[in-house]
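Structure file structure-v9.cif (mmCIF, C-alpha atoms) is printed below.
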data_run
#
loop_
_atom_site.label_atom_id
_atom_site.label_comp_id
_atom_site.auth_asym_id
_atom_site.auth_seq_id
_atom_site.Cartn_x
_atom_site.Cartn_y
_atom_site.Cartn_z
CA MET U 133 147.76 -140.98 18.09
CA PRO U 134 149.78 -139.65 21.06
CA ALA U 135 149.91 -135.95 21.72
CA THR U 136 153.00 -134.18 20.44
CA PRO U 137 154.73 -131.93 22.97
CA ALA U 138 154.39 -128.23 22.17
CA PRO U 139 157.50 -126.49 20.83
CA LEU U 140 159.75 -125.35 23.64
CA ARG U 141 160.47 -121.74 24.52
CA LEU U 142 162.45 -121.50 27.75
CA ALA U 143 164.46 -118.72 29.38
CA ALA U 144 167.32 -118.93 31.87
CA GLU U 145 168.30 -116.09 34.18
CA ASP U 146 170.23 -118.06 36.78
CA ALA U 147 172.24 -121.28 37.13
CA ASP U 148 169.19 -123.32 38.20
CA ASP U 149 167.21 -122.20 35.13
CA LEU U 150 170.18 -123.09 32.94
CA LYS U 151 170.24 -126.67 34.29
CA ALA U 152 166.82 -127.29 32.71
CA ILE U 153 167.98 -125.95 29.34
CA SER U 154 171.22 -127.92 29.61
CA ALA U 155 169.28 -131.17 30.08
CA LEU U 156 167.19 -130.40 27.00
CA VAL U 157 170.15 -129.64 24.73
CA GLN U 158 172.27 -132.59 25.87
CA ASP U 159 173.38 -134.52 22.77
CA ALA U 160 172.39 -131.74 20.37
CA VAL U 161 174.51 -131.63 17.22
CA LEU U 162 175.59 -128.62 15.21
CA THR U 163 178.42 -127.36 13.05
CA VAL U 164 180.83 -124.52 13.67
CA ALA U 165 178.93 -122.61 10.94
CA ASP U 166 175.77 -122.84 13.10
CA MET U 167 177.27 -120.50 15.73
CA ALA U 168 177.77 -116.74 15.64
CA TYR U 169 179.00 -114.05 18.00
CA LEU U 170 177.32 -110.72 17.27
CA LYS U 171 179.76 -108.47 19.11
CA LYS U 172 177.90 -105.16 18.69
CA ALA U 173 174.65 -106.73 19.90
CA ARG U 174 176.56 -108.61 22.66
CA ARG U 175 174.77 -111.79 21.60
CA PHE U 176 175.97 -115.35 20.99
CA ALA U 177 173.56 -117.46 18.97
CA LEU U 178 173.53 -121.02 17.72
CA VAL U 179 171.14 -123.27 15.88
CA LEU U 180 171.26 -126.95 16.74
CA ASN U 181 169.54 -130.27 16.11
CA ARG U 182 168.26 -131.10 19.57
CA PHE U 183 167.35 -134.62 20.66
CA ARG U 184 163.88 -134.37 22.22
CA TRP U 185 164.53 -135.98 25.61
CA GLU U 186 161.25 -134.53 26.91
CA ALA U 187 159.09 -136.29 24.26
CA ASP U 188 156.52 -138.76 25.57
CA GLU U 189 157.94 -142.31 25.45
CA LYS U 190 154.73 -143.50 23.75
CA GLY U 191 155.08 -140.86 21.05
CA ARG U 192 158.47 -141.90 19.73
CA ASN U 193 160.38 -144.93 18.58
CA ALA U 194 162.30 -146.12 21.65
CA LYS U 195 165.29 -147.09 19.48
CA THR U 196 165.71 -143.74 17.76
CA GLY U 197 163.52 -140.94 19.15
CA THR U 198 163.10 -137.56 17.49
CA ARG U 199 165.07 -134.37 16.91
CA VAL U 200 164.01 -130.78 16.38
CA ARG U 201 165.86 -127.71 15.09
CA SER U 202 166.24 -125.24 17.97
CA GLY U 203 167.83 -121.87 18.53
CA LEU U 204 169.83 -120.95 21.61
CA GLN U 205 170.50 -117.27 22.17
CA ILE U 206 172.68 -115.84 24.93
CA GLU U 207 172.57 -112.10 25.65
CA ASN U 208 174.97 -109.75 27.49
CA VAL U 209 178.08 -111.47 26.10
CA LEU U 210 181.26 -109.50 26.70
CA LYS U 211 183.85 -111.98 25.45
CA VAL U 212 183.99 -115.40 23.75
CA GLU U 213 186.77 -117.99 24.11
CA ALA U 214 186.93 -121.26 22.18
CA LYS U 215 188.90 -124.34 23.21
CA GLY U 216 189.67 -126.94 20.54
CA ILE U 217 187.31 -125.44 17.96
CA ALA U 218 188.84 -124.12 14.73
CA GLN U 219 186.72 -121.14 13.66
CA ASP U 220 187.60 -121.65 9.98
CA ALA U 221 186.52 -125.33 9.95
CA LYS U 222 182.86 -124.45 9.37
CA ASP U 223 181.79 -128.05 8.59
CA THR U 224 183.13 -129.51 11.85
CA ILE U 225 180.33 -131.33 13.65
CA LEU U 226 180.04 -130.68 17.38
CA SER U 227 178.08 -132.66 19.96
CA LEU U 228 176.87 -130.51 22.86
CA LEU U 229 177.09 -132.19 26.25
CA ALA U 230 176.19 -129.49 28.78
CA LEU U 231 175.74 -125.83 29.63
CA THR U 232 177.09 -124.58 32.95
CA TYR U 233 177.22 -121.18 34.60
CA GLU U 234 179.58 -119.82 37.23
CA GLY U 235 178.97 -116.35 38.59
CA ASP U 236 176.35 -114.15 40.18
CA ALA U 237 173.85 -111.42 39.32
CA GLU U 238 176.07 -108.60 40.59
CA SER U 239 179.36 -109.28 38.82
CA GLY U 240 178.31 -111.51 35.91
CA GLY U 241 180.05 -114.75 35.18
CA THR U 242 180.94 -117.40 32.64
CA LEU U 243 178.58 -119.63 30.71
CA THR U 244 180.42 -122.68 29.34
CA LEU U 245 179.19 -124.80 26.45
CA THR U 246 180.91 -128.17 26.81
CA PHE U 247 181.18 -130.34 23.71
CA SER U 248 182.48 -133.88 23.23
CA ALA U 249 186.19 -134.48 22.54
CA GLY U 250 187.24 -131.85 25.12
CA LYS U 251 185.96 -128.89 23.09
CA ALA U 252 184.33 -125.90 24.76
CA ILE U 253 183.15 -122.34 24.34
CA ARG U 254 183.29 -119.93 27.29
CA LEU U 255 181.04 -116.91 27.19
CA HIS U 256 181.88 -114.13 29.63
CA VAL U 257 178.56 -112.44 30.36
CA GLU U 258 177.48 -109.35 32.24
CA ALA U 259 174.37 -111.24 33.39
CA LEU U 260 172.90 -114.63 32.50
CA ASP U 261 170.14 -114.29 29.91
CA ALA U 262 169.62 -117.32 27.68
CA MET U 263 166.65 -118.42 25.55
CA LEU U 264 166.01 -121.84 23.96
CA THR U 265 163.35 -121.91 21.23
CA ASP U 266 162.25 -124.78 19.00
CA LEU U 267 162.22 -123.66 15.37
CA SER U 268 160.92 -126.65 13.41
CA GLU U 269 158.70 -129.69 13.47
CA ALA U 270 160.26 -132.83 14.93
CA TRP U 271 161.67 -135.58 12.71
CA ALA U 272 162.80 -139.15 13.35
CA ALA U 273 166.35 -139.30 14.64
CA LYS U 274 168.78 -141.64 12.89
CA ALA U 275 169.98 -142.94 16.24
CA ARG U 276 169.31 -142.49 19.92
CA PRO U 277 172.26 -140.96 21.81
CA GLY U 278 173.90 -143.48 24.10
CA HIS U 279 175.74 -142.89 27.35
CA GLU U 280 177.93 -145.31 29.25
CA ALA U 281 176.82 -145.85 32.84
#
Could the structure of this file be written out as structure tokens, please?
Amino acid sequence: MPATPAPLRLAAEDADDLKAISALVQDAVLTVADMAYLKKARRFALVLNRFRWEADEKGRNAKTGTRVRSGLQIENVLKVEAKGIAQDAKDTILSLLALTYEGDAESGGTLTLTFSAGKAIRLHVEALDAMLTDLSEAWAAKARPGHEA
């Protein structure tokens, strides 16, 4: 039986770190209810079903792959802006495409969560501090995400 990758726990403190996390959460799915902005704590948190792109090819079904429940927590959040996402539509399913960061250590910046269908969340942060943590065991995905070349 192939070895199962250990649960992930990764931190990002700059744009290069965030690229690794972005690649790992590409094609994650979640609902609007899975996201929360904790204003007093200056934290934005979400729980998502992440496709395990890093899993060993021999350890998964090539047609479907596996998913895992993961938490993504962003600290130092000063302001949140949503584009195309109705906050009251809690059951709306979102497909996360990428995380990007523009800014620097001295003046902060903006972390953007880009979703399919032109939806996005922009987090204005004092400094980039993000953590991705796997929260569950992996399960067989119903389908493997596809991308046009």
Within 8 Å of Gln158 (chain U) using all atoms listed in the file, minus same-chain residues under 5 positions, as JSON, numbers by chain
{"U": [182, 183, 228, 229, 230]}
Once the PyMOL selection byres ((chain U and resi 257) around 10) is applied to the coordinates I shared, what remains selected? I want it as a PyMOL selection string.
chain U and resi 174-175+206-212+233+235+239-243+254-256+258-261
Go ahead and save the residues from that selection, with C-alpha atoms, as a PDB file, in the frame of the given file.
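Ended up saving to selection.pdb:
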ATOM      1  CA  ARG U 174     176.560-108.610  22.660  1.00  0.00           C
ATOM      2  CA  ARG U 175     174.770-111.790  21.600  1.00  0.00           C
ATOM      3  CA  ILE U 206     172.680-115.840  24.930  1.00  0.00           C
ATOM      4  CA  GLU U 207     172.570-112.100  25.650  1.00  0.00           C
ATOM      5  CA  ASN U 208     174.970-109.750  27.490  1.00  0.00           C
ATOM      6  CA  VAL U 209     178.080-111.470  26.100  1.00  0.00           C
ATOM      7  CA  LEU U 210     181.260-109.500  26.700  1.00  0.00           C
ATOM      8  CA  LYS U 211     183.850-111.980  25.450  1.00  0.00           C
ATOM      9  CA  VAL U 212     183.990-115.400  23.750  1.00  0.00           C
ATOM     10  CA  TYR U 233     177.220-121.180  34.600  1.00  0.00           C
ATOM     11  CA  GLY U 235     178.970-116.350  38.590  1.00  0.00           C
ATOM     12  CA  SER U 239     179.360-109.280  38.820  1.00  0.00           C
ATOM     13  CA  GLY U 240     178.310-111.510  35.910  1.00  0.00           C
ATOM     14  CA  GLY U 241     180.050-114.750  35.180  1.00  0.00           C
ATOM     15  CA  THR U 242     180.940-117.400  32.640  1.00  0.00           C
ATOM     16  CA  LEU U 243     178.580-119.630  30.710  1.00  0.00           C
ATOM     17  CA  ARG U 254     183.290-119.930  27.290  1.00  0.00           C
ATOM     18  CA  LEU U 255     181.040-116.910  27.190  1.00  0.00           C
ATOM     19  CA  HIS U 256     181.880-114.130  29.630  1.00  0.00           C
ATOM     20  CA  GLU U 258     177.480-109.350  32.240  1.00  0.00           C
ATOM     21  CA  ALA U 259     174.370-111.240  33.390  1.00  0.00           C
ATOM     22  CA  LEU U 260     172.900-114.630  32.500  1.00  0.00           C
ATOM     23  CA  ASP U 261     170.140-114.290  29.910  1.00  0.00           C
TER      24      ASP U 261
END
Given the file above and the PyMOL selection byres ((chain U and resi 253) around 8), which residues are selected, and can you give them as a PDB file with C-alpha atoms, in the frame of the given file?
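The resulting selection37.pdb:
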ATOM      1  CA  VAL U 212     183.990-115.400  23.750  1.00  0.00           C
ATOM      2  CA  GLU U 213     186.770-117.990  24.110  1.00  0.00           C
ATOM      3  CA  ALA U 214     186.930-121.260  22.180  1.00  0.00           C
ATOM      4  CA  LYS U 215     188.900-124.340  23.210  1.00  0.00           C
ATOM      5  CA  THR U 244     180.420-122.680  29.340  1.00  0.00           C
ATOM      6  CA  LEU U 245     179.190-124.800  26.450  1.00  0.00           C
ATOM      7  CA  THR U 246     180.910-128.170  26.810  1.00  0.00           C
ATOM      8  CA  LYS U 251     185.960-128.890  23.090  1.00  0.00           C
ATOM      9  CA  ALA U 252     184.330-125.900  24.760  1.00  0.00           C
ATOM     10  CA  ARG U 254     183.290-119.930  27.290  1.00  0.00           C
ATOM     11  CA  LEU U 255     181.040-116.910  27.190  1.00  0.00           C
TER      12      LEU U 255
END
Applied to this file, what does the PyMOL selection byres ((chain U and resi 272) around 6) return in terms of residues, put as a list in words?
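For this structure, the PyMOL selection byres ((chain U and resi 272) around 6) captures Thr198, Trp271 and Ala273 of chain U.
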What is the CA of Ser154 (chain U) to CA of Ala270 (chain U) distance in Å?
19.0 Å
Take CA of Thr265 (chain U) and CA of Lys171 (chain U) and report the distance between them in Å, one decimal.
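Distance between the two atoms: 21.3 Å.
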Please compute the CA of Arg184 (chain U)-CA of Ser202 (chain U) distance, one decimal, in Å.
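These atoms are spaced 10.3 Å apart.
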So, counting only C-alpha atoms, which residue among U:Ala165, U:Ala173, U:Val157, U:Leu150 is closest to Thr224 (chain U)?
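Closest residue, counting only C-alpha atoms: U:Ala165.
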Kindly assemble as a tab-separated table a list of the region 148-196 of chain U residues that lie within 10 Å of region 137-142 of chain U, each paired with its nearest atom pair and their distance in Å to one decimal, using only C-alpha atoms, sorted first by chain and then by ascending residue number.
residue	atom	partner	partner_atom	distance
U:Asp149	CA	U:Leu142	CA	8.8
U:Leu150	CA	U:Leu142	CA	9.4
U:Ala152	CA	U:Leu142	CA	8.8
U:Ile153	CA	U:Leu142	CA	7.3
U:Leu156	CA	U:Leu140	CA	9.6
U:Arg184	CA	U:Pro137	CA	9.5
U:Glu186	CA	U:Pro137	CA	8.0
U:Ala187	CA	U:Pro137	CA	6.3
U:Asp188	CA	U:Pro137	CA	7.5
U:Gly191	CA	U:Pro137	CA	9.1
Write out as an MDAnalysis selection string which residues come within 12 Å of Ala221 (chain U) when counting all atoms listed in the file, dropping same-chain ones fewer than 6 positions away.
chainID U and resid 163:167
Using the incomplete input, complete region 220-253 of chain U to the level of N, CA and C atoms; output as a compact mmCIF listing (two decimals), in the frame of the given file.
# COMPACT_ATOMS: atom_id res chain seq x y z
N ASP U 220 187.66 -121.57 11.44
CA ASP U 220 187.60 -121.65 9.98
C ASP U 220 187.15 -123.02 9.47
N ALA U 221 186.99 -123.99 10.34
CA ALA U 221 186.52 -125.33 9.95
C ALA U 221 185.01 -125.38 10.12
N LYS U 222 184.30 -124.66 9.24
CA LYS U 222 182.86 -124.45 9.37
C LYS U 222 182.04 -125.74 9.34
N ASP U 223 182.54 -126.80 8.70
CA ASP U 223 181.79 -128.05 8.59
C ASP U 223 182.02 -129.02 9.74
N THR U 224 182.86 -128.64 10.70
CA THR U 224 183.13 -129.51 11.85
C THR U 224 181.85 -129.72 12.65
N ILE U 225 181.53 -130.98 12.89
CA ILE U 225 180.33 -131.33 13.65
C ILE U 225 180.68 -131.38 15.14
N LEU U 226 179.85 -130.73 15.93
CA LEU U 226 180.04 -130.68 17.38
C LEU U 226 178.85 -131.34 18.07
N SER U 227 179.13 -132.04 19.15
CA SER U 227 178.08 -132.66 19.96
C SER U 227 178.07 -131.98 21.32
N LEU U 228 176.99 -131.28 21.62
CA LEU U 228 176.87 -130.51 22.86
C LEU U 228 176.53 -131.43 24.02
N LEU U 229 177.31 -131.34 25.08
CA LEU U 229 177.09 -132.19 26.25
C LEU U 229 176.39 -131.46 27.38
N ALA U 230 176.77 -130.20 27.63
CA ALA U 230 176.19 -129.49 28.78
C ALA U 230 176.43 -127.99 28.68
N LEU U 231 175.58 -127.26 29.41
CA LEU U 231 175.74 -125.83 29.63
C LEU U 231 175.90 -125.63 31.13
N THR U 232 176.90 -124.86 31.53
CA THR U 232 177.09 -124.58 32.95
C THR U 232 177.37 -123.09 33.12
N TYR U 233 177.01 -122.59 34.31
CA TYR U 233 177.22 -121.18 34.60
C TYR U 233 177.88 -121.02 35.95
N GLU U 234 178.91 -120.18 35.98
CA GLU U 234 179.58 -119.82 37.23
C GLU U 234 179.57 -118.31 37.33
N GLY U 235 179.01 -117.79 38.40
CA GLY U 235 178.97 -116.35 38.59
C GLY U 235 177.75 -115.96 39.39
N ASP U 236 177.50 -114.65 39.44
CA ASP U 236 176.35 -114.15 40.18
C ASP U 236 175.72 -112.97 39.45
N ALA U 237 174.60 -112.50 39.97
CA ALA U 237 173.85 -111.42 39.32
C ALA U 237 174.58 -110.08 39.39
N GLU U 238 175.41 -109.89 40.40
CA GLU U 238 176.07 -108.60 40.59
C GLU U 238 177.30 -108.40 39.71
N SER U 239 178.10 -109.44 39.57
CA SER U 239 179.36 -109.28 38.82
C SER U 239 179.41 -110.06 37.53
N GLY U 240 178.30 -110.72 37.13
CA GLY U 240 178.31 -111.51 35.91
C GLY U 240 179.01 -112.83 36.13
N GLY U 241 179.41 -113.46 35.05
CA GLY U 241 180.05 -114.75 35.18
C GLY U 241 180.40 -115.35 33.84
N THR U 242 180.55 -116.67 33.84
CA THR U 242 180.94 -117.40 32.64
C THR U 242 179.97 -118.53 32.38
N LEU U 243 179.43 -118.54 31.17
CA LEU U 243 178.58 -119.63 30.71
C LEU U 243 179.45 -120.49 29.80
N THR U 244 179.58 -121.77 30.12
CA THR U 244 180.42 -122.68 29.34
C THR U 244 179.56 -123.68 28.59
N LEU U 245 179.82 -123.78 27.29
CA LEU U 245 179.19 -124.80 26.45
C LEU U 245 180.24 -125.89 26.30
N THR U 246 179.97 -127.06 26.85
CA THR U 246 180.91 -128.17 26.81
C THR U 246 180.48 -129.13 25.72
N PHE U 247 181.43 -129.43 24.82
CA PHE U 247 181.18 -130.34 23.71
C PHE U 247 182.01 -131.61 23.91
N SER U 248 181.70 -132.65 23.16
CA SER U 248 182.48 -133.88 23.23
C SER U 248 183.90 -133.61 22.73
N ALA U 249 184.79 -134.54 22.97
CA ALA U 249 186.19 -134.48 22.54
C ALA U 249 186.95 -133.32 23.19
N GLY U 250 186.53 -132.88 24.38
CA GLY U 250 187.24 -131.85 25.12
C GLY U 250 187.11 -130.44 24.56
N LYS U 251 186.16 -130.22 23.68
CA LYS U 251 185.96 -128.89 23.09
C LYS U 251 185.01 -128.08 23.96
N ALA U 252 185.18 -126.75 23.93
CA ALA U 252 184.33 -125.90 24.76
C ALA U 252 184.31 -124.48 24.22
N ILE U 253 183.25 -123.77 24.58
CA ILE U 253 183.15 -122.34 24.34
C ILE U 253 182.79 -121.71 25.67
